[in-house]
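Novice: Okay, so here is query.cif, and as you'll see once you scroll down, it has mmCIF, C-alpha atoms and all ligand atoms.
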data_final
#
loop_
_atom_site.label_atom_id
_atom_site.label_comp_id
_atom_site.auth_asym_id
_atom_site.auth_seq_id
_atom_site.Cartn_x
_atom_site.Cartn_y
_atom_site.Cartn_z
CA MET A 1073 0.40 22.51 -10.18
CA PRO A 1074 -0.42 20.08 -13.04
CA THR A 1075 -2.20 16.92 -11.88
CA LYS A 1076 0.70 14.61 -12.77
CA LYS A 1077 3.25 16.72 -10.85
CA LEU A 1078 0.92 16.87 -7.84
CA HIS A 1079 0.44 13.08 -8.00
CA HIS A 1080 4.20 12.57 -8.20
CA PHE A 1081 4.94 14.97 -5.35
CA SER A 1082 2.44 13.50 -2.86
CA SER A 1083 3.49 9.96 -3.81
CA LEU A 1084 6.91 10.57 -2.19
CA PHE A 1085 5.33 11.08 1.21
CA ILE A 1086 2.99 8.09 0.86
CA ALA A 1087 5.77 5.81 -0.41
CA LEU A 1088 7.90 6.67 2.64
CA PHE A 1089 5.05 5.73 4.98
CA VAL A 1090 4.19 2.55 3.04
CA ALA A 1091 7.83 1.40 3.17
CA LEU A 1092 7.81 1.72 6.99
CA HIS A 1093 4.31 0.21 7.19
CA LEU A 1094 5.21 -2.89 5.15
CA PHE A 1095 8.48 -3.31 7.05
CA ASN A 1096 6.36 -3.27 10.23
CA HIS A 1097 4.07 -5.99 8.82
CA LEU A 1098 7.12 -8.02 7.78
CA CYS A 1099 8.12 -8.08 11.46
CA SER A 1100 5.12 -10.38 12.07
CA LEU A 1101 7.49 -13.13 10.88
CA GLY A 1102 9.10 -12.73 14.31
CA GLY A 1103 5.72 -13.01 16.08
CA ALA A 1104 3.00 -10.70 17.40
CA ALA A 1105 5.17 -9.16 20.14
CA GLN A 1106 7.81 -8.10 17.62
CA HIS A 1107 5.20 -6.59 15.29
CA ILE A 1108 3.69 -4.60 18.18
CA ALA A 1109 7.09 -3.46 19.46
CA VAL A 1110 8.04 -2.12 16.00
CA MET A 1111 4.64 -0.41 15.60
CA GLU A 1112 5.06 1.26 18.97
CA THR A 1113 8.49 2.52 17.90
CA LEU A 1114 7.13 3.87 14.61
CA ARG A 1115 3.86 5.40 15.87
CA PRO A 1116 5.38 8.55 17.42
CA PHE A 1117 6.73 9.38 13.94
CA TYR A 1118 3.50 8.89 11.95
CA ARG A 1119 0.69 9.17 14.49
CA ASN A 1120 1.30 12.72 15.65
CA VAL A 1121 -1.06 15.48 14.53
CA PHE A 1122 1.43 16.96 12.06
CA ALA A 1123 2.66 13.78 10.30
CA GLU A 1124 -0.73 12.06 10.28
CA GLY A 1125 -2.45 15.21 9.00
CA LEU A 1126 0.08 15.40 6.18
CA LEU A 1127 -0.21 11.67 5.42
CA LEU A 1128 -4.02 11.72 5.25
CA ALA A 1129 -3.96 14.89 3.14
CA ALA A 1130 -1.41 13.24 0.80
CA VAL A 1131 -3.67 10.17 0.48
CA ALA A 1132 -6.64 12.41 -0.43
CA VAL A 1133 -4.50 14.27 -3.01
CA GLN A 1134 -3.20 10.94 -4.36
CA VAL A 1135 -6.65 9.41 -4.80
CA VAL A 1136 -8.25 12.52 -6.36
CA SER A 1137 -5.31 13.26 -8.68
CA GLY A 1138 -4.95 9.52 -9.48
CA ILE A 1139 -8.58 9.24 -10.55
CA ARG A 1140 -8.15 12.32 -12.76
CA LEU A 1141 -5.07 10.68 -14.35
CA PHE A 1142 -7.00 7.42 -14.75
CA ARG A 1143 -9.73 9.24 -16.68
CA ALA A 1144 -7.26 11.31 -18.71
CA THR A 1145 -5.24 8.24 -19.80
CA ARG A 1146 -8.21 6.27 -21.12
CA VAL A 1147 -6.53 5.47 -24.43
CA PRO A 1148 -7.51 2.34 -26.35
CA ARG A 1149 -4.77 -0.27 -26.62
CA ARG A 1150 -2.79 0.91 -23.58
CA LYS A 1151 -1.00 -2.35 -22.87
CA GLY A 1152 1.59 -3.87 -20.53
CA PHE A 1153 2.89 -1.61 -17.77
CA ALA A 1154 0.93 1.40 -19.05
CA ALA A 1155 -2.33 -0.50 -18.53
CA LEU A 1156 -1.09 -1.97 -15.23
CA GLN A 1157 -0.41 1.55 -13.97
CA ARG A 1158 -4.02 2.59 -14.49
CA TRP A 1159 -5.65 -0.52 -13.01
CA SER A 1160 -3.26 -0.86 -10.05
CA GLY A 1161 -3.95 2.83 -9.30
CA LEU A 1162 -7.69 2.26 -9.39
CA TYR A 1163 -7.37 -0.68 -6.98
CA LEU A 1164 -5.20 1.45 -4.65
CA ALA A 1165 -7.87 4.18 -4.68
CA MET A 1166 -10.53 1.69 -3.60
CA PHE A 1167 -8.23 0.00 -1.07
CA LEU A 1168 -7.05 3.25 0.54
CA LEU A 1169 -10.62 4.51 1.00
CA ILE A 1170 -11.79 1.24 2.63
CA HIS A 1171 -8.57 0.68 4.61
CA LEU A 1172 -8.43 4.17 6.10
CA SER A 1173 -12.18 4.20 6.88
CA ALA A 1174 -11.71 0.86 8.71
CA VAL A 1175 -8.64 2.08 10.65
CA MET A 1176 -10.32 5.38 11.64
CA ALA A 1177 -13.62 3.65 12.56
CA GLY A 1178 -11.66 1.08 14.61
CA ARG A 1179 -9.82 3.83 16.42
CA TYR A 1180 -12.50 6.50 16.92
CA VAL A 1181 -15.84 4.60 16.81
CA LEU A 1182 -14.99 1.21 18.31
CA ASN A 1183 -12.20 2.65 20.50
CA LEU A 1184 -9.84 -0.20 19.58
CA ASP A 1185 -6.07 -0.12 19.50
CA THR A 1186 -5.63 -0.64 15.74
CA ASN A 1187 -2.49 -2.72 16.24
CA PHE A 1188 -1.39 -6.18 15.05
CA TYR A 1189 -4.55 -7.91 16.37
CA PHE A 1190 -6.79 -5.47 14.50
CA GLY A 1191 -4.77 -5.98 11.28
CA VAL A 1192 -4.80 -9.79 11.39
CA ALA A 1193 -8.35 -10.35 12.72
CA GLY A 1194 -10.00 -10.71 9.29
CA LEU A 1195 -6.97 -12.49 7.84
CA ASN A 1196 -7.25 -15.35 10.29
CA SER A 1197 -10.96 -16.06 10.66
CA PHE A 1198 -12.87 -18.17 8.15
CA PRO A 1199 -14.82 -17.19 6.02
CA PHE A 1200 -13.62 -13.53 6.34
CA ASN A 1201 -10.10 -14.51 5.26
CA LEU A 1202 -11.52 -15.41 1.80
CA PHE A 1203 -12.02 -11.66 1.40
CA PHE A 1204 -9.15 -10.26 3.48
CA ILE A 1205 -6.25 -12.30 2.03
CA PRO A 1206 -6.88 -11.17 -1.60
CA TYR A 1207 -7.89 -7.68 -0.39
CA TYR A 1208 -4.58 -7.02 1.43
CA GLY A 1209 -2.47 -9.17 -0.92
CA LEU A 1210 -3.65 -7.30 -4.00
CA ALA A 1211 -2.98 -3.96 -2.27
CA VAL A 1212 0.69 -4.80 -1.67
CA THR A 1213 1.11 -6.18 -5.21
CA ALA A 1214 -0.75 -3.19 -6.71
CA PHE A 1215 1.57 -0.79 -4.87
CA PHE A 1216 4.66 -2.47 -6.38
CA ALA A 1217 3.00 -2.79 -9.81
CA HIS A 1218 2.29 0.95 -9.75
CA ILE A 1219 5.91 1.79 -8.86
CA ALA A 1220 7.21 -0.73 -11.45
CA ALA A 1221 5.10 0.94 -14.16
CA MET A 1222 6.41 4.38 -13.19
CA HIS A 1223 9.98 3.03 -13.30
CA GLN A 1224 9.45 1.48 -16.74
CA GLN A 1225 8.12 4.81 -18.04
CA LYS A 1226 10.87 7.04 -16.58
CA MET A 1227 14.03 4.88 -16.55
CA ARG A 1228 16.33 5.28 -19.54
CA GLN A 1229 19.40 3.25 -18.54
CA SER A 1230 20.21 -0.44 -18.27
CA ILE A 1231 21.49 -1.67 -14.90
CA LEU A 1232 23.65 -4.84 -14.75
CA GLY A 1233 22.57 -5.59 -18.31
CA LEU A 1234 18.87 -5.33 -17.41
CA SER A 1235 16.79 -3.09 -19.69
CA PRO A 1236 14.31 -0.66 -18.04
CA GLY A 1237 11.50 -3.11 -18.94
CA ALA A 1238 13.34 -5.99 -17.24
CA GLN A 1239 14.05 -3.79 -14.19
CA ALA A 1240 10.32 -3.00 -13.95
CA LYS A 1241 9.51 -6.72 -14.14
CA ALA A 1242 12.05 -7.33 -11.35
CA ILE A 1243 10.32 -4.68 -9.14
CA LEU A 1244 6.97 -6.36 -9.79
CA PHE A 1245 8.46 -9.79 -9.01
CA ILE A 1246 9.91 -8.51 -5.71
CA GLY A 1247 6.45 -7.09 -4.90
CA ILE A 1248 4.78 -10.45 -5.53
CA LEU A 1249 7.38 -12.25 -3.39
CA LEU A 1250 6.93 -9.72 -0.59
CA THR A 1251 3.14 -10.16 -0.80
CA ILE A 1252 3.51 -13.93 -0.33
CA VAL A 1253 5.97 -13.54 2.58
CA LEU A 1254 3.75 -10.89 4.26
CA MET A 1255 0.62 -12.99 3.92
CA TYR A 1256 2.54 -15.92 5.42
CA GLY A 1257 3.76 -13.76 8.34
CA LEU A 1258 0.27 -12.39 9.06
CA THR A 1259 -1.54 -15.73 8.83
CA ASN A 1260 0.93 -18.33 10.12
CA GLY A 1261 0.37 -20.37 13.25
CA SER A 1262 1.91 -17.84 15.59
CA SER A 1263 -0.34 -15.01 14.25
CA ARG A 1264 -3.41 -17.25 14.62
CA ARG A 1265 -2.49 -18.31 18.16
CA HIS A 1266 -2.26 -14.67 19.18
CA MET A 1267 -5.71 -13.75 17.87
CA ARG A 1268 -7.74 -11.79 20.40
CA TYR A 1269 -10.68 -10.32 18.48
C1 LIG B 1301 -0.11 4.46 -3.01
C2 LIG B 1301 -0.47 5.50 -3.69
C3 LIG B 1301 0.12 5.92 -5.03
C4 LIG B 1301 1.42 6.17 -5.37
C5 LIG B 1301 2.65 6.04 -4.46
C6 LIG B 1301 1.42 6.59 -6.76
C7 LIG B 1301 2.53 6.97 -7.51
C8 LIG B 1301 2.54 7.32 -8.84
C9 LIG B 1301 3.68 7.84 -9.57
C10 LIG B 1301 5.04 8.16 -8.94
C11 LIG B 1301 3.31 8.01 -10.86
C12 LIG B 1301 4.16 8.56 -12.02
C13 LIG B 1301 3.86 10.05 -12.14
C14 LIG B 1301 4.76 10.72 -13.16
O1 LIG B 1301 4.82 10.21 -14.29
O2 LIG B 1301 5.42 11.71 -12.80
C15 LIG B 1301 1.92 7.59 -10.99
C16 LIG B 1301 1.19 7.59 -12.16
C17 LIG B 1301 -0.15 7.28 -12.24
N1 LIG B 1301 -0.99 7.00 -11.18
FE1 LIG B 1301 -0.45 6.79 -9.23
N2 LIG B 1301 0.14 6.56 -7.25
C18 LIG B 1301 -0.69 6.15 -6.22
C19 LIG B 1301 -2.04 6.03 -6.26
C20 LIG B 1301 -2.82 6.17 -7.41
C21 LIG B 1301 -4.24 6.10 -7.42
C22 LIG B 1301 -5.12 5.95 -6.18
C23 LIG B 1301 -4.65 6.22 -8.72
C24 LIG B 1301 -6.09 6.20 -9.16
C25 LIG B 1301 -6.53 5.62 -10.21
C26 LIG B 1301 -3.44 6.38 -9.54
C27 LIG B 1301 -3.37 6.49 -10.94
C28 LIG B 1301 -2.25 6.78 -11.68
C29 LIG B 1301 -2.22 6.86 -13.15
C30 LIG B 1301 -3.40 6.67 -14.10
C31 LIG B 1301 -0.90 7.18 -13.49
C32 LIG B 1301 -0.34 7.32 -14.93
C33 LIG B 1301 -0.28 8.75 -15.39
C34 LIG B 1301 0.17 8.85 -16.85
O3 LIG B 1301 0.57 7.84 -17.47
O4 LIG B 1301 0.12 9.96 -17.36
N3 LIG B 1301 -2.35 6.36 -8.69
N4 LIG B 1301 1.47 7.19 -9.73
C1 LIG B 1302 -0.46 -6.31 4.59
C2 LIG B 1302 -1.43 -5.50 4.42
C3 LIG B 1302 -1.79 -4.40 5.41
C4 LIG B 1302 -2.24 -4.52 6.71
C5 LIG B 1302 -2.49 -5.80 7.50
C6 LIG B 1302 -2.43 -3.16 7.21
C7 LIG B 1302 -2.86 -2.83 8.48
C8 LIG B 1302 -2.92 -1.56 9.01
C9 LIG B 1302 -3.15 -1.23 10.40
C10 LIG B 1302 -3.37 -2.24 11.53
C11 LIG B 1302 -3.12 0.13 10.51
C12 LIG B 1302 -3.26 0.96 11.81
C13 LIG B 1302 -1.86 1.38 12.24
C14 LIG B 1302 -1.80 2.06 13.60
O1 LIG B 1302 -2.81 2.10 14.33
O2 LIG B 1302 -0.70 2.53 13.99
C15 LIG B 1302 -2.90 0.67 9.19
C16 LIG B 1302 -2.82 2.01 8.88
C17 LIG B 1302 -2.61 2.51 7.63
N1 LIG B 1302 -2.32 1.79 6.48
FE1 LIG B 1302 -2.24 -0.24 6.35
N2 LIG B 1302 -2.10 -2.26 6.22
C18 LIG B 1302 -1.71 -2.98 5.11
C19 LIG B 1302 -1.30 -2.48 3.89
C20 LIG B 1302 -1.32 -1.14 3.54
C21 LIG B 1302 -0.97 -0.61 2.23
C22 LIG B 1302 -0.52 -1.48 1.04
C23 LIG B 1302 -1.14 0.74 2.30
C24 LIG B 1302 -0.93 1.80 1.23
C25 LIG B 1302 -0.92 1.59 -0.07
C26 LIG B 1302 -1.58 1.06 3.65
C27 LIG B 1302 -1.83 2.34 4.12
C28 LIG B 1302 -2.13 2.67 5.42
C29 LIG B 1302 -2.31 4.03 5.90
C30 LIG B 1302 -2.18 5.31 5.07
C31 LIG B 1302 -2.62 3.93 7.29
C32 LIG B 1302 -2.97 5.08 8.27
C33 LIG B 1302 -1.81 5.43 9.17
C34 LIG B 1302 -2.28 6.36 10.28
O3 LIG B 1302 -2.52 7.54 9.98
O4 LIG B 1302 -2.43 5.91 11.41
N3 LIG B 1302 -1.69 -0.10 4.37
N4 LIG B 1302 -2.76 -0.38 8.31
#
Kindly return the structure encoded in the file as structure tokens.
Specialist:
Amino acid sequence: MPTKKLHHFSSLFIALFVALHLFNHLCSLGGAAQHIAVMETLRPFYRNVFAEGLLLAAVAVQVVSGIRLFRATRVPRRKGFAALQRWSGLYLAMFLLIHLSAVMAGRYVLNLDTNFYFGVAGLNSFPFNLFFIPYYGLAVTAFFAHIAAMHQQKMRQSILGLSPGAQAKAILFIGILLTIVLMYGLTNGSSRRHMRY
């Protein structure tokens, strides 16, 4: 299968997981207990051998095919969304490798439950939050930037008078808003009060 098709195909599986994952993090707005309750409801769907095996394989395919696309699209003067697609992809490659290594090491080496407390530990302790807030924030924004760039490239029709370019900007804007709301939910007083690590 050509690299671009492979990248597109595995992205569907990852995007489904990320949608559920970010919804789960959004639930931190309702407090730690709500975040944990939603994670416990979702885990049977994504943390069984079959789904998790597929998800981790899709991430590997996404990163390897993405880096090949990044190298193949090294064209001078790639601007706007075309450039954003390459650089957001590169950030996602780095983020996914670090994030998954941390989650797996937390689970299998440190024997921790990688739940809400694991996720918010670095986000709520100074000076580690100086790294973790931009690290997670950029990942969420990069994910939306990557999807917005794909939309701008593929979409041909206007919706409600918005051109494909304006629609892509709207997707990016929603991503930035969601990043701010998520970072608020994961670092607000109630998340800090529930810190255990
Ligand atoms: C969260 C994971 C990711 C998702 C959901 C995703 C999704 C997509 C999609 C749907 C496309 C459009 C493909 C097409 O035109 O049919 C695309 C393009 C692209 N992706 Fe990703 N991707 C992800 C991660 C990555 C990573 C890790 C890289 C590494 C650098 C990357 C680099 C690229 C590049 C360079 C293109 C543009 C290809 C071109 O213009 O020919 N992506 N991505
Ligand atoms: C707000 C930022 C984020 C935080 C705080 C966070 C936190 C976490 C935590 C705590 C887990 C462990 C889940 C469990 O044990 O059930 C996890 C797993 C995971 N996260 Fe994130 N995450 C964030 C953003 C992202 C993004 C943007 C992506 C993808 C682009 C992503 C991809 C994954 C993947 C693939 C897993 C592994 C799921 C598994 O197999 O158990 N995360 N994350």
Novice: Just give me the gap between atom C16 of ligand LIG 1302 (chain B) and CA of Thr1186 in chain A in Å, one decimal is fine.
Specialist: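 Distance between the two atoms: 7.9 Å.
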Novice: Any chance you could work out the axis-aligned box around range 1192-1200 of chain A, listed atoms only, 8 Å on each side, giving centre and edge lengths in Å to one decimal, as JSON?
Specialist:
{"center_x": -9.8, "center_y": -14.0, "center_z": 9.4, "size_x": 26.0, "size_y": 24.4, "size_z": 22.7}
Novice: At a cut-off of 8 Å and counting all atoms listed in the file, what residues surround ligand LIG 1301 (chain B)? Please answer as an NGL selection string.
Specialist: :A and (1076-1077 or 1079-1084 or 1086-1087 or 1090 or 1131 or 1134-1145 or 1154 or 1157-1166 or 1168 or 1215 or 1218-1219 or 1221-1222 or 1225-1226)
Novice: Let me make sure I understand: among A:Val1147, A:Ala1155, A:Thr1075, A:Met1176, which one has the smallest atom-to-atom distance to Glu1124 in chain A if we use all atoms listed in the file?
Specialist: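 Closest to Glu1124 in chain A, using all atoms listed in the file: A:Met1176.
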Novice: Hey, which residues come within 7 Å of ligand LIG 1302 (chain B) if we count all atoms listed in the file? Could you give them as a count of residues only?
Specialist: 31
Novice: So which one's closest to Phe1153 in chain A, A:Gly1247, A:Gln1229, A:Ala1217, A:Gly1125? Using all atoms listed in the file, please.
Specialist: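 For Phe1153 in chain A, the nearest of the candidates is A:Ala1217.
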Novice: Interatomic distance between CA of Val1181 in chain A and CA of Leu1092 in chain A?
Specialist: 25.8 Å
Novice: Have a look at A:Ile1246, A:Leu1258, A:Arg1146, A:Val1253 and name the one nearest to Gly1194 in chain A; count all atoms listed in the file.
Specialist: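 Among the listed residues, the smallest separation from Gly1194 in chain A belongs to A:Leu1258.
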Novice: Rounded to one decimal, what separation in Å do you get between CA of Gly1152 in chain A and CA of Ile1231 in chain A?
Specialist: 20.8 Å
